[in-house]
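The next block is my_file.txt, given as compact mmCIF, C-alpha atoms and all ligand atoms.
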# COMPACT_ATOMS: atom_id res chain seq x y z
CA MET A 1 -15.63 20.12 -83.61
CA THR A 2 -17.35 18.48 -86.54
CA SER A 3 -15.19 15.50 -87.49
CA PRO A 4 -13.34 12.54 -85.97
CA GLU A 5 -10.09 14.54 -86.41
CA ASP A 6 -11.49 17.33 -84.21
CA LEU A 7 -12.44 14.79 -81.56
CA LEU A 8 -9.01 13.12 -81.66
CA ALA A 9 -7.33 16.52 -81.30
CA ASN A 10 -9.07 16.75 -77.92
CA LEU A 11 -8.22 13.23 -76.75
CA ALA A 12 -4.74 13.03 -75.29
CA GLU A 13 -2.45 10.23 -76.50
CA GLU A 14 -2.64 8.48 -73.10
CA VAL A 15 -6.47 8.46 -73.36
CA ALA A 16 -6.72 7.39 -77.01
CA PRO A 17 -3.37 5.82 -77.93
CA SER A 18 -2.18 5.64 -81.52
CA SER A 19 -3.19 1.98 -81.71
CA TRP A 20 -6.86 3.06 -81.52
CA ARG A 21 -6.76 6.42 -83.31
CA ASP A 22 -7.25 5.02 -86.81
CA ALA A 23 -10.30 3.09 -85.63
CA PHE A 24 -11.83 6.40 -84.44
CA ARG A 25 -11.20 7.79 -87.94
CA ARG A 26 -12.70 4.78 -89.72
CA VAL A 27 -15.78 4.68 -87.49
CA PRO A 28 -17.26 8.20 -87.52
CA ARG A 29 -19.41 8.71 -84.41
CA HIS A 30 -22.08 10.75 -86.20
CA HIS A 31 -23.01 7.74 -88.38
CA PHE A 32 -24.37 6.12 -85.23
CA VAL A 33 -25.99 9.00 -83.36
CA PRO A 34 -29.77 9.28 -83.95
CA ASP A 35 -31.41 12.50 -85.07
CA ARG A 36 -32.91 13.35 -81.66
CA ILE A 37 -30.43 13.74 -78.82
CA TRP A 38 -30.01 15.41 -75.44
CA ILE A 39 -26.77 16.89 -74.12
CA GLY A 40 -25.80 18.49 -70.80
CA ASP A 41 -26.85 17.73 -67.25
CA GLY A 42 -29.77 18.46 -64.98
CA ASP A 43 -31.13 21.96 -65.57
CA ASP A 44 -28.64 22.41 -68.43
CA GLU A 45 -30.00 19.45 -70.38
CA THR A 46 -30.78 20.49 -73.98
CA ALA A 47 -32.67 18.54 -76.62
CA ILE A 48 -31.29 18.81 -80.16
CA GLU A 49 -33.16 17.79 -83.29
CA ARG A 50 -30.78 17.24 -86.20
CA ALA A 51 -33.17 18.73 -88.75
CA ASP A 52 -33.62 21.93 -86.71
CA ALA A 53 -30.00 22.42 -85.61
CA PRO A 54 -27.67 20.38 -87.84
CA ASP A 55 -24.50 22.24 -86.77
CA ALA A 56 -25.22 21.87 -83.05
CA TRP A 57 -26.06 18.20 -83.60
CA LEU A 58 -22.74 17.57 -85.41
CA ARG A 59 -20.77 19.48 -82.79
CA ALA A 60 -22.38 17.30 -80.10
CA CYS A 61 -21.30 14.17 -82.00
CA TYR A 62 -17.63 15.22 -81.94
CA ALA A 63 -17.37 16.76 -78.48
CA ASP A 64 -15.89 14.66 -75.69
CA GLN A 65 -19.22 14.28 -73.98
CA PRO A 66 -21.92 11.64 -73.69
CA VAL A 67 -24.84 12.09 -76.08
CA ILE A 68 -28.14 10.94 -74.59
CA THR A 69 -30.20 9.06 -77.15
CA GLN A 70 -33.15 7.76 -75.13
CA ILE A 71 -35.05 8.85 -72.03
CA ASP A 72 -37.37 6.75 -69.85
CA ASP A 73 -36.85 3.63 -71.98
CA GLY A 74 -38.48 5.48 -74.88
CA ARG A 75 -41.79 6.14 -73.07
CA SER A 76 -43.28 9.58 -73.52
CA SER A 77 -43.92 10.06 -69.79
CA GLY A 78 -41.56 9.42 -66.92
CA ARG A 79 -39.03 11.01 -64.61
CA GLY A 80 -36.56 11.88 -67.35
CA TYR A 81 -34.34 8.88 -66.56
CA ARG A 82 -31.51 8.54 -69.11
CA SER A 83 -31.79 5.07 -70.56
CA SER A 84 -29.44 5.01 -73.57
CA SER A 85 -26.54 7.06 -74.88
CA ALA A 86 -23.45 7.21 -77.03
CA SER A 87 -20.88 7.14 -74.22
CA MET A 88 -18.27 9.83 -73.68
CA PRO A 89 -15.48 9.28 -76.25
CA SER A 90 -12.61 9.49 -73.74
CA VAL A 91 -14.33 6.85 -71.58
CA VAL A 92 -14.99 4.69 -74.66
CA ALA A 93 -11.27 4.92 -75.46
CA MET A 94 -10.30 4.02 -71.87
CA MET A 95 -12.53 0.95 -72.02
CA LEU A 96 -11.26 -0.15 -75.43
CA VAL A 97 -7.70 0.05 -74.14
CA ALA A 98 -8.71 -1.91 -71.02
CA THR A 99 -10.12 -4.75 -73.14
CA ASP A 100 -6.62 -5.34 -74.60
CA LEU A 101 -8.24 -6.67 -77.76
CA SER A 102 -6.27 -8.28 -80.60
CA PRO A 103 -7.36 -8.96 -84.18
CA GLY A 104 -9.21 -12.26 -84.48
CA GLN A 105 -10.43 -12.38 -80.88
CA ARG A 106 -14.11 -12.91 -80.17
CA VAL A 107 -15.92 -10.23 -78.21
CA LEU A 108 -19.25 -9.95 -76.43
CA GLU A 109 -20.49 -6.40 -75.84
CA ILE A 110 -23.33 -5.77 -73.39
CA GLY A 111 -25.38 -2.65 -74.22
CA THR A 112 -25.23 -1.99 -77.97
CA GLY A 113 -26.74 1.50 -77.63
CA THR A 114 -25.97 3.42 -80.81
CA GLY A 115 -23.61 0.71 -82.06
CA TRP A 116 -20.58 3.05 -82.16
CA ASN A 117 -18.53 1.09 -79.63
CA ALA A 118 -19.46 -2.23 -81.26
CA ALA A 119 -18.22 -0.88 -84.61
CA LEU A 120 -14.94 0.20 -82.97
CA LEU A 121 -14.57 -3.29 -81.47
CA ALA A 122 -15.24 -4.89 -84.86
CA ASP A 123 -12.71 -2.60 -86.50
CA ARG A 124 -10.06 -4.19 -84.27
CA ALA A 125 -11.38 -7.75 -83.82
CA GLY A 126 -12.51 -8.22 -87.40
CA HIS A 127 -15.82 -8.89 -89.15
CA GLY A 128 -17.89 -11.64 -87.54
CA ASN A 129 -16.05 -11.54 -84.22
CA VAL A 130 -18.31 -9.15 -82.28
CA THR A 131 -21.67 -10.02 -80.74
CA SER A 132 -23.51 -7.16 -79.06
CA VAL A 133 -26.58 -7.60 -76.85
CA GLU A 134 -29.11 -4.80 -76.36
CA ILE A 135 -32.20 -5.06 -74.17
CA ASP A 136 -34.28 -2.32 -75.80
CA PRO A 137 -35.98 -3.32 -79.06
CA THR A 138 -36.04 0.18 -80.60
CA ILE A 139 -32.40 0.84 -79.74
CA ALA A 140 -31.35 -2.62 -80.97
CA ALA A 141 -33.11 -2.10 -84.31
CA GLN A 142 -31.52 1.35 -84.79
CA ALA A 143 -28.07 -0.03 -83.96
CA ASP A 144 -28.54 -2.97 -86.29
CA ARG A 145 -29.22 -0.54 -89.14
CA ALA A 146 -26.28 1.71 -88.25
CA LEU A 147 -23.96 -1.30 -88.03
CA GLU A 148 -24.86 -2.68 -91.44
CA GLY A 149 -21.75 -3.91 -93.25
CA ARG A 150 -19.53 -3.72 -90.15
CA GLY A 151 -19.70 -7.41 -89.26
CA VAL A 152 -21.39 -7.07 -85.84
CA ARG A 153 -24.15 -9.41 -84.72
CA VAL A 154 -26.76 -7.44 -82.75
CA ILE A 155 -28.88 -9.55 -80.40
CA LEU A 156 -32.04 -8.31 -78.70
CA GLY A 157 -31.90 -9.74 -75.18
CA ASP A 158 -30.82 -9.35 -71.59
CA GLY A 159 -27.05 -9.02 -71.59
CA GLU A 160 -26.87 -10.20 -67.98
CA GLU A 161 -27.38 -13.66 -69.47
CA GLY A 162 -24.51 -13.17 -71.91
CA TYR A 163 -25.17 -14.84 -75.25
CA PRO A 164 -24.31 -18.57 -75.09
CA PRO A 165 -24.73 -19.38 -78.80
CA ASP A 166 -21.63 -17.33 -79.76
CA ALA A 167 -19.57 -18.26 -76.65
CA PRO A 168 -16.81 -18.68 -75.71
CA TYR A 169 -15.53 -15.10 -75.90
CA ASP A 170 -12.00 -13.83 -75.44
CA ARG A 171 -13.34 -10.52 -74.19
CA VAL A 172 -16.57 -9.34 -72.57
CA LEU A 173 -17.10 -5.58 -72.48
CA ALA A 174 -20.14 -4.09 -70.78
CA THR A 175 -21.15 -0.53 -71.58
CA ALA A 176 -23.86 -0.44 -68.90
CA ALA A 177 -22.88 -0.57 -65.23
CA VAL A 178 -23.40 -3.40 -62.75
CA GLN A 179 -23.37 -3.67 -58.98
CA ARG A 180 -23.04 -7.46 -59.20
CA VAL A 181 -21.14 -9.08 -62.07
CA PRO A 182 -23.35 -11.70 -63.74
CA TYR A 183 -21.77 -15.16 -63.53
CA PRO A 184 -22.72 -16.06 -67.15
CA TRP A 185 -20.09 -13.54 -68.27
CA VAL A 186 -17.44 -15.64 -66.49
CA GLU A 187 -18.84 -18.92 -67.79
CA GLN A 188 -18.86 -17.63 -71.37
CA THR A 189 -15.28 -16.27 -71.34
CA VAL A 190 -12.25 -18.42 -72.17
CA PRO A 191 -9.74 -19.20 -69.39
CA GLY A 192 -7.36 -16.24 -69.25
CA GLY A 193 -9.90 -14.02 -71.04
CA ARG A 194 -10.89 -10.57 -69.84
CA ILE A 195 -14.11 -8.99 -68.65
CA VAL A 196 -14.30 -5.19 -68.49
CA THR A 197 -17.31 -3.50 -66.96
CA PRO A 198 -18.33 -0.28 -65.27
CA TRP A 199 -19.12 -1.18 -61.64
CA GLY A 200 -20.67 0.87 -58.89
CA THR A 201 -22.87 0.98 -55.84
CA SER A 202 -26.03 2.96 -55.23
CA PHE A 203 -23.80 5.45 -53.35
CA HIS A 204 -21.06 5.67 -56.00
CA ASN A 205 -21.51 5.19 -59.74
CA GLY A 206 -18.77 4.20 -60.48
CA THR A 207 -15.45 2.93 -61.68
CA LEU A 208 -14.09 0.47 -64.24
CA LEU A 209 -13.59 -3.15 -63.19
CA ARG A 210 -11.04 -5.22 -65.13
CA LEU A 211 -11.38 -8.96 -64.49
CA ARG A 212 -9.31 -11.86 -65.74
CA VAL A 213 -10.86 -15.32 -65.90
CA ASP A 214 -8.78 -17.97 -64.10
CA ALA A 215 -7.07 -20.94 -65.75
CA ASP A 216 -9.95 -23.37 -65.20
CA GLY A 217 -12.56 -20.85 -66.33
CA THR A 218 -14.68 -21.01 -63.17
CA SER A 219 -13.85 -17.67 -61.50
CA ALA A 220 -12.61 -14.21 -62.38
CA SER A 221 -10.68 -11.63 -60.35
CA GLY A 222 -9.44 -8.11 -60.89
CA ARG A 223 -9.21 -4.56 -59.69
CA PHE A 224 -11.06 -1.30 -60.10
CA GLY A 225 -9.50 1.70 -61.81
CA GLY A 226 -10.66 4.93 -63.38
CA ASN A 227 -13.76 7.08 -63.32
CA ALA A 228 -16.58 5.48 -65.31
CA GLY A 229 -20.11 6.58 -64.38
CA PHE A 230 -22.61 4.67 -66.55
CA MET A 231 -26.30 3.93 -66.71
CA TRP A 232 -27.13 0.66 -64.94
CA VAL A 233 -28.08 -2.55 -66.69
CA ARG A 234 -31.87 -2.61 -66.47
CA GLY A 235 -32.06 -5.47 -63.97
CA GLN A 236 -29.76 -3.67 -61.49
CA ARG A 237 -31.18 -0.15 -61.52
CA THR A 238 -31.47 1.47 -58.13
CA PRO A 239 -35.11 2.28 -57.24
CA HIS A 240 -36.45 5.64 -58.38
CA GLY A 241 -38.34 7.94 -56.08
CA SER A 242 -38.35 11.64 -55.37
CA LEU A 243 -37.20 13.23 -52.15
CA ASP A 244 -40.79 14.24 -51.34
CA GLU A 245 -41.89 10.63 -51.62
CA ARG A 246 -39.09 9.35 -49.39
CA VAL A 247 -38.74 12.09 -46.74
CA ARG A 248 -42.20 12.93 -45.44
CA PRO A 249 -43.14 15.67 -42.95
CA ASP A 250 -45.02 13.17 -40.74
CA HIS A 251 -41.97 10.90 -40.34
CA GLU A 252 -40.50 10.61 -36.86
CA PHE A 253 -36.75 11.06 -36.55
CA THR A 254 -33.93 11.20 -34.03
CA ALA A 255 -31.85 14.39 -33.99
CA SER A 256 -28.15 14.79 -33.28
CA VAL A 257 -25.21 17.05 -34.11
CA THR A 258 -21.96 16.14 -35.88
CA ASP A 259 -18.74 17.90 -36.76
CA LEU A 260 -18.30 15.66 -39.82
CA HIS A 261 -18.50 17.62 -43.08
CA PRO A 262 -19.59 15.79 -46.29
CA TYR A 263 -16.66 17.24 -48.27
CA GLU A 264 -14.68 14.01 -48.10
CA PRO A 265 -17.15 11.17 -47.33
CA VAL A 266 -19.55 12.29 -50.05
CA GLY A 267 -17.36 14.44 -52.31
CA ASP A 268 -14.09 12.53 -52.55
CA PHE A 269 -14.01 9.86 -55.27
CA ASP A 270 -11.97 7.31 -53.29
CA ALA A 271 -13.67 7.90 -49.93
CA SER A 272 -17.18 7.69 -51.36
CA PHE A 273 -16.28 4.59 -53.38
CA ALA A 274 -15.07 2.80 -50.23
CA ILE A 275 -18.07 4.01 -48.20
CA GLY A 276 -20.43 2.74 -50.90
CA LEU A 277 -19.02 -0.74 -50.36
CA ARG A 278 -20.03 -0.60 -46.69
CA VAL A 279 -23.46 1.10 -46.86
CA PRO A 280 -25.46 -1.15 -49.18
CA GLY A 281 -28.50 0.26 -50.92
CA VAL A 282 -27.93 3.86 -49.82
CA LYS A 283 -28.40 6.75 -52.25
CA ASP A 284 -27.33 10.30 -51.55
CA LEU A 285 -28.82 13.55 -52.80
CA LEU A 286 -27.46 17.03 -52.27
CA VAL A 287 -30.06 19.81 -52.19
CA PHE A 288 -28.87 23.41 -52.20
CA ASP A 289 -30.99 26.04 -50.49
CA ASP A 290 -32.87 28.10 -53.08
CA ASP A 291 -31.81 25.53 -55.67
CA VAL A 292 -28.56 27.43 -56.29
CA PRO A 293 -25.59 25.07 -56.81
CA GLY A 294 -22.61 26.22 -54.78
CA ASN A 295 -24.81 27.85 -52.14
CA PRO A 296 -22.95 27.36 -48.83
CA ARG A 297 -26.20 26.19 -47.22
CA TYR A 298 -27.34 22.76 -48.31
CA THR A 299 -28.64 19.44 -47.08
CA VAL A 300 -27.25 16.01 -47.87
CA TYR A 301 -29.96 13.35 -47.83
CA LEU A 302 -29.12 9.68 -47.43
CA MET A 303 -31.93 7.32 -48.41
CA ASP A 304 -32.43 3.58 -48.41
CA PRO A 305 -35.50 2.92 -50.55
CA GLY A 306 -35.48 -0.73 -49.41
CA SER A 307 -36.17 -0.04 -45.72
CA GLY A 308 -37.66 3.46 -46.07
CA SER A 309 -34.85 4.84 -43.88
CA TRP A 310 -33.42 8.29 -44.47
CA ALA A 311 -31.04 10.77 -42.88
CA SER A 312 -30.62 14.49 -43.48
CA TRP A 313 -27.35 16.29 -42.81
CA ARG A 314 -27.67 20.04 -42.77
CA ILE A 315 -24.61 22.07 -43.80
CA ARG A 316 -24.20 25.81 -43.32
CA PRO A 317 -21.22 28.17 -43.00
CA GLY A 318 -19.83 28.83 -39.53
CA PRO A 319 -19.14 26.50 -36.63
CA HIS A 320 -18.66 22.85 -37.48
CA ASP A 321 -21.78 21.53 -35.80
CA TYR A 322 -24.14 20.19 -38.40
CA SER A 323 -27.56 18.89 -37.46
CA VAL A 324 -28.47 15.34 -38.43
CA ARG A 325 -31.90 13.70 -38.49
CA GLN A 326 -32.37 9.96 -38.93
CA HIS A 327 -35.57 8.09 -39.66
CA GLY A 328 -36.29 4.37 -40.01
CA PRO A 329 -34.72 1.09 -38.99
CA ARG A 330 -31.31 1.91 -40.49
CA HIS A 331 -29.35 4.82 -39.04
CA LEU A 332 -27.88 5.88 -42.32
CA PHE A 333 -25.77 8.78 -41.12
CA ASP A 334 -24.24 6.59 -38.38
CA GLU A 335 -23.53 3.89 -40.98
CA LEU A 336 -21.85 6.42 -43.27
CA ALA A 337 -19.80 7.93 -40.44
CA SER A 338 -18.57 4.54 -39.30
CA ALA A 339 -17.74 3.50 -42.89
CA TYR A 340 -15.76 6.75 -43.24
CA THR A 341 -13.88 6.04 -40.00
CA TRP A 342 -13.08 2.54 -41.28
CA TRP A 343 -11.72 3.97 -44.56
CA GLN A 344 -9.48 6.34 -42.61
CA GLU A 345 -8.30 3.57 -40.28
CA VAL A 346 -7.30 1.26 -43.16
CA GLY A 347 -5.07 4.01 -44.56
CA ARG A 348 -7.46 5.94 -46.85
CA PRO A 349 -7.00 3.47 -49.76
CA GLU A 350 -7.59 4.65 -53.31
CA HIS A 351 -10.34 2.84 -55.20
CA SER A 352 -7.71 1.04 -57.31
CA ARG A 353 -6.55 -0.90 -54.21
CA PHE A 354 -9.93 -2.65 -54.13
CA GLY A 355 -10.83 -5.59 -56.31
CA VAL A 356 -13.44 -8.27 -56.83
CA THR A 357 -13.54 -12.03 -57.25
CA ILE A 358 -16.52 -13.62 -59.02
CA THR A 359 -17.34 -17.28 -58.48
CA ARG A 360 -20.47 -19.33 -59.06
CA GLU A 361 -21.45 -18.46 -55.45
CA GLY A 362 -21.38 -14.71 -56.13
CA GLN A 363 -18.99 -11.78 -55.91
CA ARG A 364 -16.64 -10.83 -53.11
CA VAL A 365 -14.97 -7.43 -52.80
CA TRP A 366 -11.46 -7.27 -51.30
CA LEU A 367 -8.78 -4.78 -50.39
CA ASP A 368 -5.27 -5.24 -51.86
CA GLU A 369 -5.53 -9.02 -52.35
CA PRO A 370 -8.28 -11.60 -52.74
CA GLY A 371 -7.58 -13.06 -49.28
CA ASN A 372 -8.46 -9.76 -47.62
CA GLY A 373 -12.22 -9.81 -48.22
CA LEU A 374 -14.52 -6.97 -47.18
CA THR A 375 -17.73 -8.76 -47.94
CA ALA A 376 -18.87 -12.35 -47.87
CA ALA A 377 -19.79 -13.61 -51.35
CA GLU A 378 -23.07 -11.93 -52.28
CA PRO A 379 -25.21 -13.85 -54.71
CA GLY A 380 -24.27 -12.76 -58.22
CA ALA A 381 -26.71 -11.51 -60.77
CA ALA A 382 -28.24 -13.82 -63.37
CA GLN A 383 -26.76 -17.08 -62.09
CA SER A 384 -27.38 -19.70 -64.75
CA GLY A 385 -30.73 -21.34 -64.25
CA ASP A 386 -31.53 -19.04 -61.35
CA ARG A 387 -33.19 -16.01 -62.87
CA SER A 388 -36.09 -14.37 -61.23
CA GLY A 389 -38.18 -11.74 -62.94
C1 LIG A 401 -24.43 3.70 -72.26
S1 LIG A 401 -25.48 2.87 -73.36
C2 LIG A 401 -24.33 1.95 -74.36
C3 LIG A 401 -23.48 2.78 -75.27
C4 LIG A 401 -23.11 2.01 -76.53
N1 LIG A 401 -22.16 0.95 -76.30
C5 LIG A 401 -22.68 2.92 -77.65
O1 LIG A 401 -21.59 2.77 -78.18
O2 LIG A 401 -23.46 3.79 -78.02
C6 LIG A 401 -26.13 1.54 -72.37
C7 LIG A 401 -27.03 0.61 -73.14
O3 LIG A 401 -27.21 -0.57 -72.39
C8 LIG A 401 -28.50 -1.05 -72.63
N2 LIG A 401 -28.84 -2.02 -71.58
C9 LIG A 401 -29.26 -1.80 -70.32
N3 LIG A 401 -29.44 -2.96 -69.66
C10 LIG A 401 -29.13 -3.94 -70.54
C11 LIG A 401 -29.13 -5.35 -70.46
N4 LIG A 401 -29.49 -5.98 -69.33
N5 LIG A 401 -28.76 -6.04 -71.56
C12 LIG A 401 -28.40 -5.42 -72.70
N6 LIG A 401 -28.40 -4.07 -72.84
C13 LIG A 401 -28.74 -3.35 -71.77
C14 LIG A 401 -29.35 0.21 -72.62
O4 LIG A 401 -30.60 0.00 -73.26
C15 LIG A 401 -28.43 1.17 -73.38
O5 LIG A 401 -28.70 1.16 -74.74
Take the structure I supplied and represent it as structure tokens, if you would.
Ligand SMILES: C[S@@+](CC[C@H](N)C(=O)[O-])C[C@H]1O[C@@H](n2cnc3c(N)ncnc32)[C@H](O)[C@@H]1O
Amino acid sequence: MTSPEDLLANLAEEVAPSSWRDAFRRVPRHHFVPDRIWIGDGDDETAIERADAPDAWLRACYADQPVITQIDDGRSSGRGYRSSSASMPSVVAMMLVATDLSPGQRVLEIGTGTGWNAALLADRAGHGNVTSVEIDPTIAAQADRALEGRGVRVILGDGEEGYPPDAPYDRVLATAAVQRVPYPWVEQTVPGGRIVTPWGTSFHNGTLLRLRVDADGTSASGRFGGNAGFMWVRGQRTPHGSLDERVRPDHEFTASVTDLHPYEPVGDFDASFAIGLRVPGVKDLLVFDDDVPGNPRYTVYLMDPGSGSWASWRIRPGPHDYSVRQHGPRHLFDELASAYTWWQEVGRPEHSRFGVTITREGQRVWLDEPGNGLTAAEPGAAQSGDRSG
């Protein structure tokens, strides 16, 4: 696994179709990956320095896995939050296919990162047709160097604002996830153009949203589809905070018992996606007893950093009576249980039956068709002339 050919051998034709395979050959991923990277998850996370382990570094570049390239926005202290990466190649391919890009079209990418995806876009769209916005100055400078000669314009800025000087775009592709689609992306896309972005909630991160801008260029609509968990755009990150900070021994709580197991509401992709739409601001955390993943005894925590509410849901083998504790003004377990009941009652829809419409007023999520709204329009992010912070 040390070349683009090795990577392509592991990407099925339906993931990386022949129309994109030559681009993957012409744009070698390792030209864009910096010398210091991290791979793996959680306790398995490993740092690799190219100079110390050149073979491992090259293998990481051509495996179908994300390569983490920055932690904690480049600060030397922090919680180990992953803040930039070269995305997983099969997901990159899925997103390139979703953009339906033709030679000569103009593209705005949000989240330049290493620059690999921008180079792939430019390989298809042509020199001078890709503008890529990156919020982090160090990352933007590295990408600018890596992209030299590939005809991509790298802009240091907040991609939630788009980049008006190069608008209008035929395609907008975000490679950082949003919970609310910024309206400038709609304003800066031509009528009939496409916007592709990873989209999620604090409960479920996330899926791919494919939007088409309407004929008069004032709104965009489209559906979700596919598994695409991404880091959030900086302005839409969910608040950090450890369990110990959020769930304190001196907190009062109400106690109850449930026969509901988290297997489906938390563990099933479609169920948890739908529940996330109905329990705004809620994060979940699964803590195994003795820190051993797969241990049959564990606790699911639900937390709303905004209100300070939390719930714990204690799972153990044996009879289906699991104890629940709830603290704070929101009863988060009750909210989750009723969202789960709703999802069952509406026929257990897959995530791809949901969609979104973006207008100047905000975004509205719907089931099956735009008339069947689940949520009133929530204010969008980065409305023109209405930025705070
Ligand atoms: C998953 S990485 C992008 C991967 C990249 N396209 C590649 O090919 O390597 C997400 C990037 O989005 C950037 N980012 C986060 N919020 C942003 C924002 N508001 N505007 C522009 N870039 C942003 C991060 O700094 C990070 O570099």
Within 8 Å of ligand LIG 401 (chain A), which residues of chain A come that close, and what is the closest atom pair and distance in Å for each? Count all atoms listed in the file and give it as a tab-separated table.
residue	atom	partner	partner_atom	distance
A:Phe32	CA	A:LIG401	O2	7.6
A:Val33	CA	A:LIG401	O2	7.9
A:Gln70	CA	A:LIG401	O5	8.0
A:Asp73	CA	A:LIG401	O4	7.3
A:Ser83	CA	A:LIG401	C14	5.8
A:Ser84	CA	A:LIG401	C15	4.0
A:Ser85	CA	A:LIG401	S1	4.6
A:Ala86	CA	A:LIG401	O2	3.6
A:Ser87	CA	A:LIG401	C3	5.2
A:Val92	CA	A:LIG401	O1	7.7
A:Glu109	CA	A:LIG401	N1	7.6
A:Ile110	CA	A:LIG401	C12	5.1
A:Gly111	CA	A:LIG401	O3	3.3
A:Thr112	CA	A:LIG401	N1	4.6
A:Gly113	CA	A:LIG401	O5	3.5
A:Thr114	CA	A:LIG401	O2	3.8
A:Gly115	CA	A:LIG401	O1	4.8
A:Trp116	CA	A:LIG401	O1	4.1
A:Asn117	CA	A:LIG401	O1	3.8
A:Ala118	CA	A:LIG401	O1	6.2
A:Val133	CA	A:LIG401	C12	5.0
A:Glu134	CA	A:LIG401	N6	3.7
A:Ile135	CA	A:LIG401	C12	4.1
A:Asp136	CA	A:LIG401	O4	5.0
A:Ile139	CA	A:LIG401	O5	6.2
A:Ala140	CA	A:LIG401	O5	7.8
A:Leu156	CA	A:LIG401	C12	7.6
A:Gly157	CA	A:LIG401	N5	6.1
A:Asp158	CA	A:LIG401	N5	3.9
A:Gly159	CA	A:LIG401	N5	3.4
A:Glu160	CA	A:LIG401	N4	5.1
A:Glu161	CA	A:LIG401	N4	8.0
A:Ala174	CA	A:LIG401	N1	7.7
A:Thr175	CA	A:LIG401	C2	4.9
A:Ala176	CA	A:LIG401	C6	4.6
A:Phe230	CA	A:LIG401	C1	6.1
A:Met231	CA	A:LIG401	C1	5.9
A:Trp232	CA	A:LIG401	C9	6.3
A:Val233	CA	A:LIG401	N3	3.3
A:Arg234	CA	A:LIG401	N3	4.0
A:Gly235	CA	A:LIG401	N4	6.0
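Reported to one decimal place, the separation of CA of Trp38 (chain A) from CA of Arg79 (chain A) is 14.8 Å.
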* To do: Give me the residues within 8 Å of Asp259 (chain A) as a ChimeraX atom specification, counting all atoms listed in the file and dropping any in the same chain fewer than 5 places off.
  => /A:320-322
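The interatomic distance for the pair CA of Gly281 (chain A) and CA of Asp304 (chain A) works out to 5.7 Å.
Separating CA of Ile195 (chain A) from CA of Ala146 (chain A) is a distance of 25.4 Å.
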* To do: Do a neighbour search on Gln188 (chain A) at 10 Å with only C-alpha atoms, toss out local chain neighbours closer than 6 positions, and write the hits as a PyMOL selection string.
  => chain A and resi 108+161-172+213+217-218
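Each of A:Arg348, A:Arg29, A:Arg212, A:His240 was compared to Ala274 (chain A) using all atoms listed in the file, and A:Arg348 turns out to be the nearest.
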* Of the listed residues A:Trp313, A:Trp343, A:Arg297, A:Gly225, that which approaches Arg278 (chain A) most closely, counting all atoms listed in the file -> A:Trp343
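For Phe203 (chain A), the residues within 10 Å (counting all atoms listed in the file, excluding itself and residues fewer than 6 positions away along the chain) are Thr238, Val266, Ser272, Phe273, Ala274, Ile275, Gly276, Leu277, Arg278, Val279, Pro280, Gly281, Val282, Lys283, Asp284, Leu285, Leu302 and Met303 of chain A.
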Selection to disk with C-alpha atoms, as a CSV table (one decimal), in the coordinates of the input:
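result18.csv written:
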chain,number,residue,atom,x,y,z
A,238,THR,CA,-31.5,1.5,-58.1
A,266,VAL,CA,-19.6,12.3,-50.0
A,272,SER,CA,-17.2,7.7,-51.4
A,273,PHE,CA,-16.3,4.6,-53.4
A,274,ALA,CA,-15.1,2.8,-50.2
A,275,ILE,CA,-18.1,4.0,-48.2
A,276,GLY,CA,-20.4,2.7,-50.9
A,277,LEU,CA,-19.0,-0.7,-50.4
A,278,ARG,CA,-20.0,-0.6,-46.7
A,279,VAL,CA,-23.5,1.1,-46.9
A,280,PRO,CA,-25.5,-1.2,-49.2
A,281,GLY,CA,-28.5,0.3,-50.9
A,282,VAL,CA,-27.9,3.9,-49.8
A,283,LYS,CA,-28.4,6.8,-52.2
A,284,ASP,CA,-27.3,10.3,-51.6
A,285,LEU,CA,-28.8,13.6,-52.8
A,302,LEU,CA,-29.1,9.7,-47.4
A,303,MET,CA,-31.9,7.3,-48.4
* **Shell of 6 Å around Thr197 (chain A), all atoms listed in the file, local chain residues under 5 positions omitted, as a ChimeraX atom specification** => /A:173-174,208-209
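Considering the residues A:Ser338, A:Ser18, A:Thr69, A:Gln236 and counting all atoms listed in the file, Leu260 (chain A) has its shortest atom-to-atom contact with A:Ser338.
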Please enclose the listed atoms of region 16-34 of chain A in an axis-aligned box, pad each side by 5 Å, and write out the centre and the three edge lengths in Å, rounded to one decimal, as AutoDock Vina command-line options.
--center_x -16.0 --center_y 6.4 --center_z -83.4 --size_x 37.6 --size_y 18.8 --size_z 22.7
What are the closest atom pairs, with distances in Å to one decimal, for each residue of region 186-221 of chain A lying within 8 Å of region 98-106 of chain A, using only C-alpha atoms, rows by chain and rising residue number, as CSV?
residue,atom,partner,partner_atom,distance
A:Arg194,CA,A:Thr99,CA,6.7
A:Ile195,CA,A:Thr99,CA,7.4
A:Val196,CA,A:Thr99,CA,6.3
A:Arg210,CA,A:Ala98,CA,7.1
* Structure fact -> Restricting to all atoms listed in the file, whichever of A:Asn372, A:Ser19, A:Thr299, A:Gln326 is closest to Asp123 (chain A) is A:Ser19
* Would you kindly return, as number ranges by chain, each protein, DNA or RNA residue with an atom no farther than 12 Å from any atom of Pro293 (chain A), considering all atoms listed in the file and excluding same-chain residues fewer than 6 positions away? => A: 42-43, 286-287, 299
